[in-house]
Amino acid sequence: MGDIRRRGVVALGVTGLVAPLTLALTAAPAQAASCTTQTGPYQKQVEKFLGRPVDGRQSAGDCRAIQAFQNKHGITPAIGYAGPVTWGVMDLMNKQKAVGNNPNKDGACPVNKGRIACVNLTLQLSWVQDGRRLVYGPVPVRTGRKGYATRTGLKKVYWRDIDHVSTVYNVPMPYSQFFDGGQAFHSVGLSMWNPPGSHGCVNMTTKDAKAYWSLLKTGDDVFVYGRKLGT
């Protein structure tokens with residue numbers, strides 16, 4: 001998210017939403033941190049998600065697997081504890097995957113607007129549709145945290161800046177497409193599941209932000225609905 005002063009297709013299914021667990025399990029931690037021996041309140045759920053033996057008891061292998069997942073997605077402290085934040089991310093991934101290729105099953109995003117970008121805050125998913133036809137997505141996104149919630153409602157892309165830099169936070173916002181004041185779609189170099197969220201913008205991977213840049217234009221509709229957990 002930043003102010004708006006300038007400084008300077010094929011539908012994709014949710015099979016790509018969750019990175020293969022083998023990558024998460026083998027990812028090297030950014031910093032060496034001690035592994036906790038404490039069993040967490042979501043031990044069994046986390047073990048099942050990671051493909052570990054589900055016995056509800058913390059083991060050295062469990063801790064390493066949980067810690068790798070935490071490091072991959074920027075969850076702190078990355079000590080391998082199966083707590084509510086870690087399980088919350090995993091639970092969200094499961095819910096996103098369950099959507100399949102029908103993200104607008106409930107018809108919440110308008111189908112009478114032609115080309116429109118939809119943002120479901122509850123599931124942290126976005127997609128582009130044209131009427132009832134899915135054009136791109138659904139893809140995971142990272143929306144506003146508590147105190148910086150991404151605002152809901154029907155909006156329009158009113159300004160685009162491919163090389164935007166926020167003059168509020170002094171950070172790059174590539175492929176920015178603004179739709180509500182300083183709130184925009186743009187790419188970030190973070191995991192889409194990195195808590196607690198953005199400063200109001202709809203963060204995307206570079207691949208997805210590039211796709212949205214090519215699919216949308218000034219004047220296209222954007223519909224944001226739902227509520228992100230914790231906001």
# chains A, B, ... in the order shown; residues from 1 in each chain; ligands from 1
>>> select_by_dssp(residues="range 47-212 of chain A", states="alpha helix (DSSP H)", output="NGL selection string")
:A and (47-49 or 60-73 or 84-99 or 206-212)
>>> atom_distance(atom1="CA of His164 in chain A", atom2="CA of Trp213 in chain A")
13.0 Å
>>> closest_atom_pairs(of="range 99-197 of chain A", to="range 214-230 of chain A", cutoff="8 Å", atoms="only C-alpha atoms", output="CSV")
residue,atom,partner,partner_atom,distance
A:Ala108,CA,A:Tyr225,CA,7.9
A:Cys109,CA,A:Phe223,CA,6.5
A:Pro110,CA,A:Phe223,CA,7.7
A:Lys113,CA,A:Asp221,CA,7.3
A:Arg115,CA,A:Asp220,CA,6.6
A:Ile116,CA,A:Asp221,CA,4.8
A:Ala117,CA,A:Val222,CA,4.7
A:Cys118,CA,A:Phe223,CA,4.9
A:Val119,CA,A:Val224,CA,4.7
A:Asn120,CA,A:Tyr225,CA,5.4
A:Leu121,CA,A:Gly226,CA,4.9
A:Thr122,CA,A:Lys228,CA,4.7
A:Leu123,CA,A:Lys228,CA,7.4
A:Gln124,CA,A:Lys228,CA,7.2
A:Thr143,CA,A:Lys228,CA,7.8
A:Arg145,CA,A:Gly230,CA,7.6
A:Lys146,CA,A:Gly230,CA,6.4
A:Arg151,CA,A:Val224,CA,7.1
A:Thr152,CA,A:Val224,CA,4.6
A:Gly153,CA,A:Val224,CA,5.2
A:Leu154,CA,A:Phe223,CA,4.5
A:Lys155,CA,A:Val222,CA,5.0
A:Lys156,CA,A:Asp221,CA,4.4
A:Val157,CA,A:Thr218,CA,5.1
A:Tyr158,CA,A:Thr218,CA,5.3
A:Trp159,CA,A:Thr218,CA,6.2
A:Arg160,CA,A:Thr218,CA,7.1
A:Phe179,CA,A:Val222,CA,7.1
>>> residues_around(residues="Tyr175 in chain A", least_positions_apart="5", cutoff="7 Å", atoms="only C-alpha atoms", output="PyMOL selection string")
chain A and resi 161-163+186-187+209-210+213
>>> closest_residue(among="A:Gln96, A:Asn112, A:Asn170, A:Gln177", to="Met192 in chain A", atoms="only C-alpha atoms")
A:Gln96
>>> closest_atom_pairs(of="range 146-199 of chain A", to="range 67-75 of chain A", cutoff="8 Å", atoms="only C-alpha atoms", output="CSV")
residue,atom,partner,partner_atom,distance
A:Leu190,CA,A:His73,CA,7.8
A:Ser191,CA,A:His73,CA,5.3
A:Met192,CA,A:His73,CA,7.8
A:Trp193,CA,A:His73,CA,6.0
A:Asn194,CA,A:His73,CA,5.1
A:Pro195,CA,A:Ile75,CA,6.6
>>> closest_residue(among="A:Ser198, A:Thr86, A:Ser166, A:Ser126", to="Pro41 in chain A", atoms="only C-alpha atoms")
A:Thr86
>>> atom_distance(atom1="CA of Arg132 in chain A", atom2="CA of Gly182 in chain A")
29.1 Å
>>> select_by_dssp(residues="range 3-209 of chain A", states="strand (DSSP E or B)", output="PyMOL selection string")
chain A and resi 115-120+125-130+133-140+142+144+153-156+159-165+172-180+183-187+198+202-204
>>> atom_distance(atom1="CA of Cys63 in chain A", atom2="CA of Glu47 in chain A")
9.8 Å
>>> closest_residue(among="A:Gly88, A:Gly80, A:Pro138, A:Gly40", to="Pro103 in chain A", atoms="only C-alpha atoms")
A:Pro138
>>> decode(residues="range 36-52 of chain A", atoms="all heavy atoms", output="JSON list (two decimals), in the first residue's frame")
[["chain", "number", "residue", "atom", "x", "y", "z"],
["A", 36, "THR", "N", 11.73, -26.50, 19.74],
["A", 36, "THR", "CA", 11.05, -26.76, 21.00],
["A", 36, "THR", "C", 10.67, -28.24, 21.12],
["A", 36, "THR", "O", 10.37, -28.90, 20.13],
["A", 36, "THR", "CB", 9.78, -25.90, 21.14],
["A", 36, "THR", "OG1", 9.19, -26.16, 22.41],
["A", 36, "THR", "CG2", 8.75, -26.23, 20.06],
["A", 37, "THR", "N", 10.68, -28.73, 22.32],
["A", 37, "THR", "CA", 10.22, -30.09, 22.59],
["A", 37, "THR", "C", 8.77, -30.10, 23.05],
["A", 37, "THR", "O", 8.20, -31.16, 23.29],
["A", 37, "THR", "CB", 11.09, -30.74, 23.69],
["A", 37, "THR", "OG1", 11.01, -29.95, 24.88],
["A", 37, "THR", "CG2", 12.54, -30.84, 23.23],
["A", 38, "GLN", "N", 8.17, -28.93, 23.13],
["A", 38, "GLN", "CA", 6.82, -28.80, 23.66],
["A", 38, "GLN", "C", 5.77, -29.19, 22.62],
["A", 38, "GLN", "O", 5.82, -28.75, 21.47],
["A", 38, "GLN", "CB", 6.57, -27.37, 24.13],
["A", 38, "GLN", "CG", 5.25, -27.18, 24.85],
["A", 38, "GLN", "CD", 5.09, -25.77, 25.40],
["A", 38, "GLN", "OE1", 6.00, -24.95, 25.29],
["A", 38, "GLN", "NE2", 3.94, -25.48, 25.99],
["A", 39, "THR", "N", 4.81, -29.99, 23.03],
["A", 39, "THR", "CA", 3.68, -30.33, 22.18],
["A", 39, "THR", "C", 2.72, -29.16, 22.11],
["A", 39, "THR", "O", 2.35, -28.59, 23.14],
["A", 39, "THR", "CB", 2.95, -31.58, 22.72],
["A", 39, "THR", "OG1", 3.84, -32.69, 22.65],
["A", 39, "THR", "CG2", 1.69, -31.88, 21.93],
["A", 40, "GLY", "N", 2.31, -28.80, 20.90],
["A", 40, "GLY", "CA", 1.42, -27.66, 20.73],
["A", 40, "GLY", "C", -0.05, -28.05, 20.76],
["A", 40, "GLY", "O", -0.40, -29.23, 20.61],
["A", 41, "PRO", "N", -0.94, -27.07, 20.93],
["A", 41, "PRO", "CA", -2.37, -27.35, 20.99],
["A", 41, "PRO", "C", -2.96, -27.87, 19.68],
["A", 41, "PRO", "O", -4.05, -28.44, 19.68],
["A", 41, "PRO", "CB", -2.98, -26.00, 21.38],
["A", 41, "PRO", "CG", -1.97, -24.99, 20.93],
["A", 41, "PRO", "CD", -0.64, -25.64, 21.12],
["A", 42, "TYR", "N", -2.24, -27.66, 18.57],
["A", 42, "TYR", "CA", -2.71, -28.13, 17.27],
["A", 42, "TYR", "C", -1.77, -29.19, 16.70],
["A", 42, "TYR", "O", -1.61, -29.31, 15.49],
["A", 42, "TYR", "CB", -2.86, -26.95, 16.30],
["A", 42, "TYR", "CG", -3.91, -25.97, 16.75],
["A", 42, "TYR", "CD1", -3.56, -24.87, 17.55],
["A", 42, "TYR", "CD2", -5.25, -26.14, 16.40],
["A", 42, "TYR", "CE1", -4.53, -23.98, 17.99],
["A", 42, "TYR", "CE2", -6.22, -25.25, 16.83],
["A", 42, "TYR", "CZ", -5.85, -24.17, 17.62],
["A", 42, "TYR", "OH", -6.81, -23.28, 18.05],
["A", 43, "GLN", "N", -1.17, -29.95, 17.59],
["A", 43, "GLN", "CA", -0.15, -30.91, 17.19],
["A", 43, "GLN", "C", -0.66, -31.91, 16.14],
["A", 43, "GLN", "O", -0.04, -32.12, 15.11],
["A", 43, "GLN", "CB", 0.37, -31.67, 18.41],
["A", 43, "GLN", "CG", 1.63, -32.48, 18.16],
["A", 43, "GLN", "CD", 2.86, -31.61, 17.99],
["A", 43, "GLN", "OE1", 2.98, -30.57, 18.63],
["A", 43, "GLN", "NE2", 3.77, -32.03, 17.13],
["A", 44, "LYS", "N", -1.80, -32.53, 16.42],
["A", 44, "LYS", "CA", -2.30, -33.55, 15.50],
["A", 44, "LYS", "C", -2.67, -32.95, 14.14],
["A", 44, "LYS", "O", -2.37, -33.55, 13.09],
["A", 44, "LYS", "CB", -3.52, -34.26, 16.10],
["A", 44, "LYS", "CG", -3.19, -35.23, 17.21],
["A", 44, "LYS", "CD", -4.42, -36.02, 17.64],
["A", 44, "LYS", "CE", -4.07, -37.06, 18.70],
["A", 44, "LYS", "NZ", -5.26, -37.83, 19.11],
["A", 45, "GLN", "N", -3.31, -31.80, 14.15],
["A", 45, "GLN", "CA", -3.69, -31.16, 12.88],
["A", 45, "GLN", "C", -2.46, -30.81, 12.05],
["A", 45, "GLN", "O", -2.44, -31.02, 10.83],
["A", 45, "GLN", "CB", -4.52, -29.90, 13.14],
["A", 45, "GLN", "CG", -5.86, -30.14, 13.81],
["A", 45, "GLN", "CD", -5.81, -29.99, 15.32],
["A", 45, "GLN", "OE1", -4.85, -30.42, 15.97],
["A", 45, "GLN", "NE2", -6.83, -29.35, 15.88],
["A", 46, "VAL", "N", -1.45, -30.28, 12.73],
["A", 46, "VAL", "CA", -0.22, -29.88, 12.03],
["A", 46, "VAL", "C", 0.52, -31.11, 11.51],
["A", 46, "VAL", "O", 1.03, -31.12, 10.38],
["A", 46, "VAL", "CB", 0.67, -29.03, 12.96],
["A", 46, "VAL", "CG1", 2.05, -28.84, 12.37],
["A", 46, "VAL", "CG2", 0.01, -27.67, 13.22],
["A", 47, "GLU", "N", 0.58, -32.15, 12.32],
["A", 47, "GLU", "CA", 1.22, -33.39, 11.89],
["A", 47, "GLU", "C", 0.54, -33.95, 10.64],
["A", 47, "GLU", "O", 1.21, -34.36, 9.68],
["A", 47, "GLU", "CB", 1.18, -34.43, 13.01],
["A", 47, "GLU", "CG", 2.10, -34.12, 14.18],
["A", 47, "GLU", "CD", 1.84, -35.01, 15.39],
["A", 47, "GLU", "OE1", 0.77, -35.67, 15.44],
["A", 47, "GLU", "OE2", 2.70, -35.04, 16.29],
["A", 48, "LYS", "N", -0.77, -33.94, 10.63],
["A", 48, "LYS", "CA", -1.51, -34.45, 9.47],
["A", 48, "LYS", "C", -1.24, -33.61, 8.24],
["A", 48, "LYS", "O", -1.01, -34.15, 7.14],
["A", 48, "LYS", "CB", -3.00, -34.48, 9.78],
["A", 48, "LYS", "CG", -3.85, -35.04, 8.64],
["A", 48, "LYS", "CD", -5.33, -35.09, 9.02],
["A", 48, "LYS", "CE", -6.15, -35.64, 7.86],
["A", 48, "LYS", "NZ", -7.60, -35.67, 8.21],
["A", 49, "PHE", "N", -1.25, -32.30, 8.39],
["A", 49, "PHE", "CA", -1.01, -31.40, 7.26],
["A", 49, "PHE", "C", 0.36, -31.65, 6.64],
["A", 49, "PHE", "O", 0.52, -31.64, 5.42],
["A", 49, "PHE", "CB", -1.12, -29.95, 7.72],
["A", 49, "PHE", "CG", -0.93, -28.95, 6.61],
["A", 49, "PHE", "CD1", -2.02, -28.49, 5.89],
["A", 49, "PHE", "CD2", 0.33, -28.46, 6.29],
["A", 49, "PHE", "CE1", -1.86, -27.57, 4.85],
["A", 49, "PHE", "CE2", 0.51, -27.54, 5.27],
["A", 49, "PHE", "CZ", -0.60, -27.10, 4.54],
["A", 50, "LEU", "N", 1.35, -31.87, 7.49],
["A", 50, "LEU", "CA", 2.73, -32.04, 7.02],
["A", 50, "LEU", "C", 3.06, -33.48, 6.64],
["A", 50, "LEU", "O", 4.19, -33.77, 6.23],
["A", 50, "LEU", "CB", 3.71, -31.56, 8.10],
["A", 50, "LEU", "CG", 3.69, -30.06, 8.40],
["A", 50, "LEU", "CD1", 4.59, -29.73, 9.58],
["A", 50, "LEU", "CD2", 4.09, -29.25, 7.18],
["A", 51, "GLY", "N", 2.10, -34.38, 6.76],
["A", 51, "GLY", "CA", 2.36, -35.78, 6.40],
["A", 51, "GLY", "C", 3.22, -36.50, 7.41],
["A", 51, "GLY", "O", 3.87, -37.49, 7.08],
["A", 52, "ARG", "N", 3.20, -36.03, 8.65],
["A", 52, "ARG", "CA", 3.95, -36.66, 9.72],
["A", 52, "ARG", "C", 3.10, -37.73, 10.40],
["A", 52, "ARG", "O", 1.87, -37.73, 10.27],
["A", 52, "ARG", "CB", 4.34, -35.60, 10.77],
["A", 52, "ARG", "CG", 5.22, -34.47, 10.25],
["A", 52, "ARG", "CD", 6.62, -34.94, 9.99],
["A", 52, "ARG", "NE", 7.17, -35.57, 11.19],
["A", 52, "ARG", "CZ", 8.24, -36.37, 11.19],
["A", 52, "ARG", "NH1", 8.84, -36.67, 10.05],
["A", 52, "ARG", "NH2", 8.70, -36.88, 12.32]]
